[in-house]
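The file structure-v3.txt comes next; it holds compact mmCIF, C-alpha atoms and all ligand atoms.
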```txt
# COMPACT_ATOMS: atom_id res chain seq x y z
CA MET E 5 22.82 64.13 151.20
CA TYR E 6 25.68 64.48 153.65
CA TYR E 7 25.95 67.90 155.31
CA ARG E 8 26.72 69.39 158.69
CA ILE E 9 25.23 72.53 160.23
CA ILE E 10 28.00 74.57 161.84
CA ASP E 11 25.87 77.51 162.99
CA GLN E 12 22.87 79.49 161.72
CA ASP E 13 24.83 80.90 158.74
CA ILE E 14 27.36 78.14 157.99
CA LYS E 15 26.77 74.65 156.54
CA VAL E 16 29.36 72.21 155.25
CA PHE E 17 28.44 69.79 152.43
CA LEU E 18 30.31 66.88 150.89
CA SER E 19 31.48 68.37 147.56
CA ILE E 20 29.50 66.96 144.62
CA PRO E 21 29.67 67.64 140.83
CA LYS E 22 26.61 69.95 141.09
CA PHE E 23 28.83 72.45 142.95
CA ALA E 24 31.46 72.59 140.20
CA ASP E 25 30.28 75.78 138.45
CA GLU E 26 29.96 77.81 141.64
CA LEU E 27 33.19 76.46 143.06
CA PHE E 28 35.07 77.21 139.86
CA SER E 29 33.75 80.81 139.83
CA LEU E 30 34.92 81.24 143.41
CA THR E 31 38.33 79.77 142.58
CA ASP E 32 38.64 82.05 139.55
CA LYS E 33 37.65 85.14 141.55
CA ASN E 34 40.29 84.33 144.19
CA ARG E 35 43.00 83.13 141.81
CA ASN E 36 45.54 85.87 142.53
CA PHE E 37 44.97 85.71 146.29
CA LEU E 38 45.13 81.91 146.49
CA ARG E 39 48.15 81.50 144.20
CA LYS E 40 50.33 83.01 146.96
CA TRP E 41 49.41 80.17 149.29
CA LEU E 42 48.38 77.12 147.23
CA PRO E 43 50.37 75.35 144.50
CA TRP E 44 47.57 74.03 142.26
CA LEU E 45 45.83 77.16 140.96
CA ASP E 46 47.19 76.98 137.45
CA SER E 47 45.95 73.40 137.02
CA ILE E 48 42.33 74.61 137.39
CA LYS E 49 41.51 76.56 134.25
CA THR E 50 37.88 75.63 133.50
CA LYS E 51 34.64 74.53 135.19
CA ASP E 52 35.36 71.06 133.85
CA ASP E 53 38.70 70.96 135.73
CA THR E 54 36.83 71.69 138.98
CA LYS E 55 34.25 69.01 138.16
CA LYS E 56 36.96 66.42 137.45
CA PHE E 57 38.68 67.38 140.71
CA ILE E 58 35.44 66.89 142.70
CA ILE E 59 34.83 63.49 141.07
CA LEU E 60 38.38 62.41 141.89
CA GLN E 61 37.87 63.49 145.51
CA LEU E 62 34.61 61.49 145.69
CA GLU E 63 36.43 58.42 144.37
CA LYS E 64 39.10 58.88 147.05
CA PHE E 65 36.37 59.40 149.69
CA SER E 66 34.76 56.10 148.69
CA LYS E 67 38.10 54.39 149.35
CA GLY E 68 38.63 56.20 152.68
CA GLU E 69 41.59 58.16 151.30
CA ALA E 70 40.30 61.78 151.39
CA LEU E 71 37.29 64.01 152.07
CA HIS E 72 36.46 67.21 150.18
CA GLN E 73 33.77 69.53 151.53
CA SER E 74 32.28 72.87 150.42
CA ILE E 75 31.50 75.60 152.93
CA PHE E 76 28.20 77.46 152.44
CA TYR E 77 27.73 80.83 154.15
CA LYS E 78 24.19 82.19 153.82
CA GLU E 79 23.45 79.93 150.80
CA ASN E 80 26.67 80.62 148.81
CA ILE E 81 29.88 78.64 148.62
CA VAL E 82 32.66 80.66 150.30
CA GLY E 83 35.43 78.09 150.62
CA VAL E 84 36.40 74.47 151.01
CA LEU E 85 38.00 72.22 153.58
CA GLY E 86 38.64 68.57 154.13
CA PHE E 87 41.21 65.85 154.45
CA ASN E 88 43.65 66.13 151.53
CA SER E 89 44.85 62.68 152.49
CA ILE E 90 43.97 59.95 154.96
CA GLU E 91 46.64 57.35 155.54
CA ASN E 92 47.37 55.01 158.46
CA GLY E 93 44.79 56.78 160.63
CA VAL E 94 46.28 60.24 159.98
CA GLY E 95 44.17 62.88 158.22
CA VAL E 96 45.96 65.88 156.69
CA ILE E 97 43.63 68.88 156.68
CA GLY E 98 43.51 71.44 153.86
CA TYR E 99 41.40 74.60 153.43
CA TRP E 100 40.89 77.87 151.64
CA LEU E 101 38.40 80.69 151.94
CA ASP E 102 37.08 83.45 149.71
CA LYS E 103 39.14 86.58 150.48
CA GLU E 104 35.94 88.55 151.26
CA HIS E 105 34.94 85.99 153.89
CA GLU E 106 38.17 85.97 155.89
CA ASN E 107 38.25 87.21 159.50
CA LEU E 108 34.76 86.01 160.47
CA GLY E 109 35.91 82.83 162.19
CA ILE E 110 34.28 80.65 159.51
CA MET E 111 37.27 78.37 158.92
CA THR E 112 38.14 77.84 162.58
CA LYS E 113 34.55 76.73 163.26
CA CYS E 114 34.53 74.39 160.25
CA VAL E 115 37.94 72.87 161.05
CA LYS E 116 36.76 72.16 164.59
CA GLU E 117 33.78 70.17 163.24
CA LEU E 118 35.96 68.42 160.65
CA ILE E 119 38.27 67.20 163.40
CA LYS E 120 35.35 65.82 165.42
CA LEU E 121 34.02 64.09 162.30
CA GLY E 122 37.47 62.62 161.58
CA PHE E 123 37.84 61.19 165.08
CA GLU E 124 34.22 60.07 165.43
CA TYR E 125 33.38 58.61 162.02
CA LEU E 126 36.62 58.14 160.06
CA GLU E 127 38.42 56.48 162.96
CA LEU E 128 41.43 58.77 162.73
CA LYS E 129 43.96 58.70 165.52
CA LYS E 130 45.64 61.96 164.55
CA VAL E 131 45.00 65.03 162.38
CA GLU E 132 47.66 67.31 160.91
CA ILE E 133 47.78 70.73 159.28
CA HIS E 134 50.86 71.55 157.18
CA CYS E 135 51.47 75.30 156.83
CA ALA E 136 54.18 77.18 154.94
CA THR E 137 56.41 78.97 157.46
CA HIS E 138 55.26 82.42 156.23
CA ASN E 139 51.52 81.56 156.19
CA LYS E 140 50.62 83.12 159.52
CA LYS E 141 46.83 83.19 158.95
CA SER E 142 46.79 79.48 158.26
CA GLN E 143 49.03 78.76 161.27
CA ALA E 144 46.63 80.69 163.53
CA ILE E 145 43.95 78.01 162.98
CA PRO E 146 45.80 74.99 164.46
CA LYS E 147 47.19 77.24 167.20
CA ARG E 148 43.66 78.39 168.11
CA LEU E 149 42.50 74.77 168.25
CA GLY E 150 45.27 73.49 170.52
CA PHE E 151 47.42 71.62 167.98
CA LYS E 152 51.02 70.87 168.89
CA GLU E 153 53.87 72.04 166.63
CA GLU E 154 56.11 69.18 165.52
CA LYS E 155 59.82 69.67 166.24
CA ASN E 156 61.15 69.36 162.73
CA LEU E 157 60.29 71.55 159.77
CA LYS E 158 59.39 69.82 156.52
CA LYS E 159 62.12 71.29 154.32
CA ASP E 160 61.29 72.69 150.86
CA ALA E 161 57.88 71.03 151.07
CA GLU E 162 55.91 73.56 149.06
CA LYS E 163 56.64 75.40 145.82
CA LEU E 164 54.61 78.61 145.62
CA GLU E 165 55.02 80.99 142.69
CA GLY E 166 58.38 79.39 141.87
CA VAL E 167 59.85 79.60 145.41
CA TYR E 168 60.32 76.65 147.77
CA TYR E 169 59.08 77.07 151.35
CA ASP E 170 59.48 74.93 154.46
CA GLN E 171 56.35 73.73 156.22
CA ILE E 172 55.49 73.61 159.90
CA ILE E 173 53.52 70.49 160.82
CA TYR E 174 50.84 70.95 163.46
CA SER E 175 49.25 67.83 164.90
CA LEU E 176 46.43 66.88 167.24
CA LYS E 177 45.96 63.36 168.59
CA ARG E 178 42.53 61.97 169.31
CA ASP E 179 43.26 61.59 173.02
CA ALA E 180 44.41 65.26 173.23
CA LEU E 181 41.10 66.64 171.92
CA VAL E 182 39.71 69.22 174.36
CA PHE E 183 36.62 70.52 172.50
C1 LIG E 201 43.94 80.28 155.89
C2 LIG E 201 42.60 80.99 155.84
C3 LIG E 201 41.49 79.99 155.63
C4 LIG E 201 42.41 81.68 157.20
O1 LIG E 201 41.28 82.54 157.12
P1 LIG E 201 40.78 83.31 158.43
O2 LIG E 201 39.70 84.21 158.04
O3 LIG E 201 41.96 83.87 159.15
O4 LIG E 201 40.24 82.12 159.33
P2 LIG E 201 38.90 82.05 160.14
O5 LIG E 201 37.74 81.99 159.22
O6 LIG E 201 39.05 80.98 161.13
O7 LIG E 201 38.83 83.46 160.88
C5 LIG E 201 39.78 83.79 161.89
C6 LIG E 201 39.81 85.28 162.00
O8 LIG E 201 38.49 85.74 162.31
C7 LIG E 201 38.47 86.30 163.63
N1 LIG E 201 37.26 85.78 164.26
C8 LIG E 201 36.09 86.45 164.33
N2 LIG E 201 35.17 85.70 164.93
C9 LIG E 201 35.74 84.52 165.25
C10 LIG E 201 35.28 83.33 165.87
N3 LIG E 201 34.04 83.19 166.29
N4 LIG E 201 36.15 82.28 165.99
C11 LIG E 201 37.42 82.39 165.58
N5 LIG E 201 37.91 83.51 164.96
C12 LIG E 201 37.08 84.57 164.82
C13 LIG E 201 39.77 85.86 164.28
O9 LIG E 201 40.22 86.80 165.24
C14 LIG E 201 40.70 85.79 163.10
O10 LIG E 201 41.15 87.07 162.69
P3 LIG E 201 42.70 87.54 162.94
O11 LIG E 201 43.55 86.71 161.99
O12 LIG E 201 42.67 88.97 162.59
O13 LIG E 201 42.97 87.23 164.38
C15 LIG E 201 42.57 82.08 154.72
O14 LIG E 201 43.50 83.08 155.01
C16 LIG E 201 42.90 81.50 153.34
O15 LIG E 201 42.05 80.93 152.68
N6 LIG E 201 44.17 81.65 152.91
C17 LIG E 201 44.59 81.20 151.58
C18 LIG E 201 44.64 79.70 151.46
C19 LIG E 201 45.53 79.05 152.49
O16 LIG E 201 46.49 79.64 152.97
N7 LIG E 201 45.20 77.81 152.84
C20 LIG E 201 45.94 77.06 153.83
C21 LIG E 201 47.15 76.44 153.25
S1 LIG E 201 48.04 75.58 154.53
```

Write the structure described by the file as structure tokens, please.
Ligand SMILES: CC(C)(COP(=O)(O)OP(=O)(O)OC[C@H]1O[C@@H](n2cnc3c(N)ncnc32)[C@H](O)[C@@H]1OP(=O)(O)O)[C@@H](O)C(=O)NCCC(=O)NCCS
Amino acid sequence: MYYRIIDQDIKVFLSIPKFADELFSLTDKNRNFLRKWLPWLDSIKTKDDTKKFIILQLEKFSKGEALHQSIFYKENIVGVLGFNSIENGVGVIGYWLDKEHENLGIMTKCVKELIKLGFEYLELKKVEIHCATHNKKSQAIPKRLGFKEEKNLKKDAEKLEGVYYDQIIYSLKRDALVF
């Protein structure tokens, strides 16, 4: 089965239905934390919702439209990352992490490998990360990895807990990759 070793503690697997129970438990545990930053929390109410979501992502993967991966840290799922969309050679990266596993550098390492995978195997020419203007921890990831900030904000792009926020678009072209 498809997986990538990031370091001795971290592995990234293609998300499959078998992960649904564990992934739902993690989502549920982090619901209040994640709701501040992600718009979809209230659409995932049961294990079955997570399973359906994973199946949908696998269908999109088979058509080259998305990639959803689960991050394992010391044998347990601690987050997810992938390409929320792939269109015209541009992959838009999304991610979230268990609150207790923040600040260890896990996501930065995984995003770095995802980018290499996107350029090497998915034939992307550019990757993007779209971050709400107040989401400083998310913005730190593309900044750390040498992304460029696009000039224009994406206005009212995200509705979080009833409030619209602008997004900053960070992008990295294949020929600008330095790692
Ligand atoms: C966005 C999110 C994944 C960032 O988590 P994170 O822990 O800051 O990211 P990383 O795992 O890359 O860790 C980086 C942190 O670990 C530290 N770190 C430790 N070792 C490190 C290493 N080897 N490499 C990089 N960073 C390291 C960094 O200094 C940084 O901490 P700082 O913010 O205090 O400077 C997390 O906050 C989250 O899930 N938020 C909610 C969902 C969300 O916002 N998703 C994105 C929507 S656009």

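If one restricts the calculation to all atoms listed in the file, the set of residues situated within 6 Å of ligand LIG 201 (chain E) consists of Leu38, Trp41, Tyr99, Trp100, Leu101, Glu106, Asn107, Leu108, Gly109, Ile110, Met111, Thr112, His134, Cys135, Lys141 and Ser142 of chain E.
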
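With all atoms listed in the file as the atoms that count, the residue of E:Lys33, E:Lys67, E:Arg178, E:His138 with the shortest distance to Ile119 (chain E) is E:Arg178.
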
Exercise for review: Please provide as a ChimeraX atom specification all residues within 6 Å of region 48-65 of chain E, with the sequence filter that same-chain residues fewer than 4 positions apart are discarded (counting all atoms listed in the file).
Suggested key: /E:21,24-25,28,69-71

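Taking CA of Leu45 (chain E) as the reference point, CA of Tyr6 (chain E) is found at 27.0 Å.
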
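When only C-alpha atoms are used to compute distances to Gly98 (chain E), the closest of the residues E:Lys155, E:Pro146, E:Lys163, E:Lys120 turns out to be E:Pro146.
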
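Picture a line from CA of Ala161 (chain E) to CA of Ile133 (chain E); it runs 13.0 Å.
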
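Between CA of Leu121 (chain E) and CA of Ile10 (chain E) the separation is 12.1 Å.
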
Exercise for review: Would you be able to write out as a list of chain:residue names which residues have an atom within 12 Å of (23.1, 82.0, 150.6) in the file's coordinates, counting only C-alpha atoms?
Suggested key: E:Gln12, E:Asp13, E:Ile14, E:Lys15, E:Ile75, E:Phe76, E:Tyr77, E:Lys78, E:Glu79, E:Asn80, E:Ile81, E:Val82

Can I get the selected residues back with C-alpha atoms, as a PDB file, keeping the file's coordinate frame?
```pdb
ATOM      1  CA  GLN E  12      22.870  79.490 161.720  1.00  0.00           C
ATOM      2  CA  ASP E  13      24.830  80.900 158.740  1.00  0.00           C
ATOM      3  CA  ILE E  14      27.360  78.140 157.990  1.00  0.00           C
ATOM      4  CA  LYS E  15      26.770  74.650 156.540  1.00  0.00           C
ATOM      5  CA  ILE E  75      31.500  75.600 152.930  1.00  0.00           C
ATOM      6  CA  PHE E  76      28.200  77.460 152.440  1.00  0.00           C
ATOM      7  CA  TYR E  77      27.730  80.830 154.150  1.00  0.00           C
ATOM      8  CA  LYS E  78      24.190  82.190 153.820  1.00  0.00           C
ATOM      9  CA  GLU E  79      23.450  79.930 150.800  1.00  0.00           C
ATOM     10  CA  ASN E  80      26.670  80.620 148.810  1.00  0.00           C
ATOM     11  CA  ILE E  81      29.880  78.640 148.620  1.00  0.00           C
ATOM     12  CA  VAL E  82      32.660  80.660 150.300  1.00  0.00           C
TER      13      VAL E  82
END
```

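With all atoms listed in the file as the atoms that count, the residue of E:Trp44, E:Lys113, E:Ser89, E:Lys103 with the shortest distance to Glu162 (chain E) is E:Trp44.
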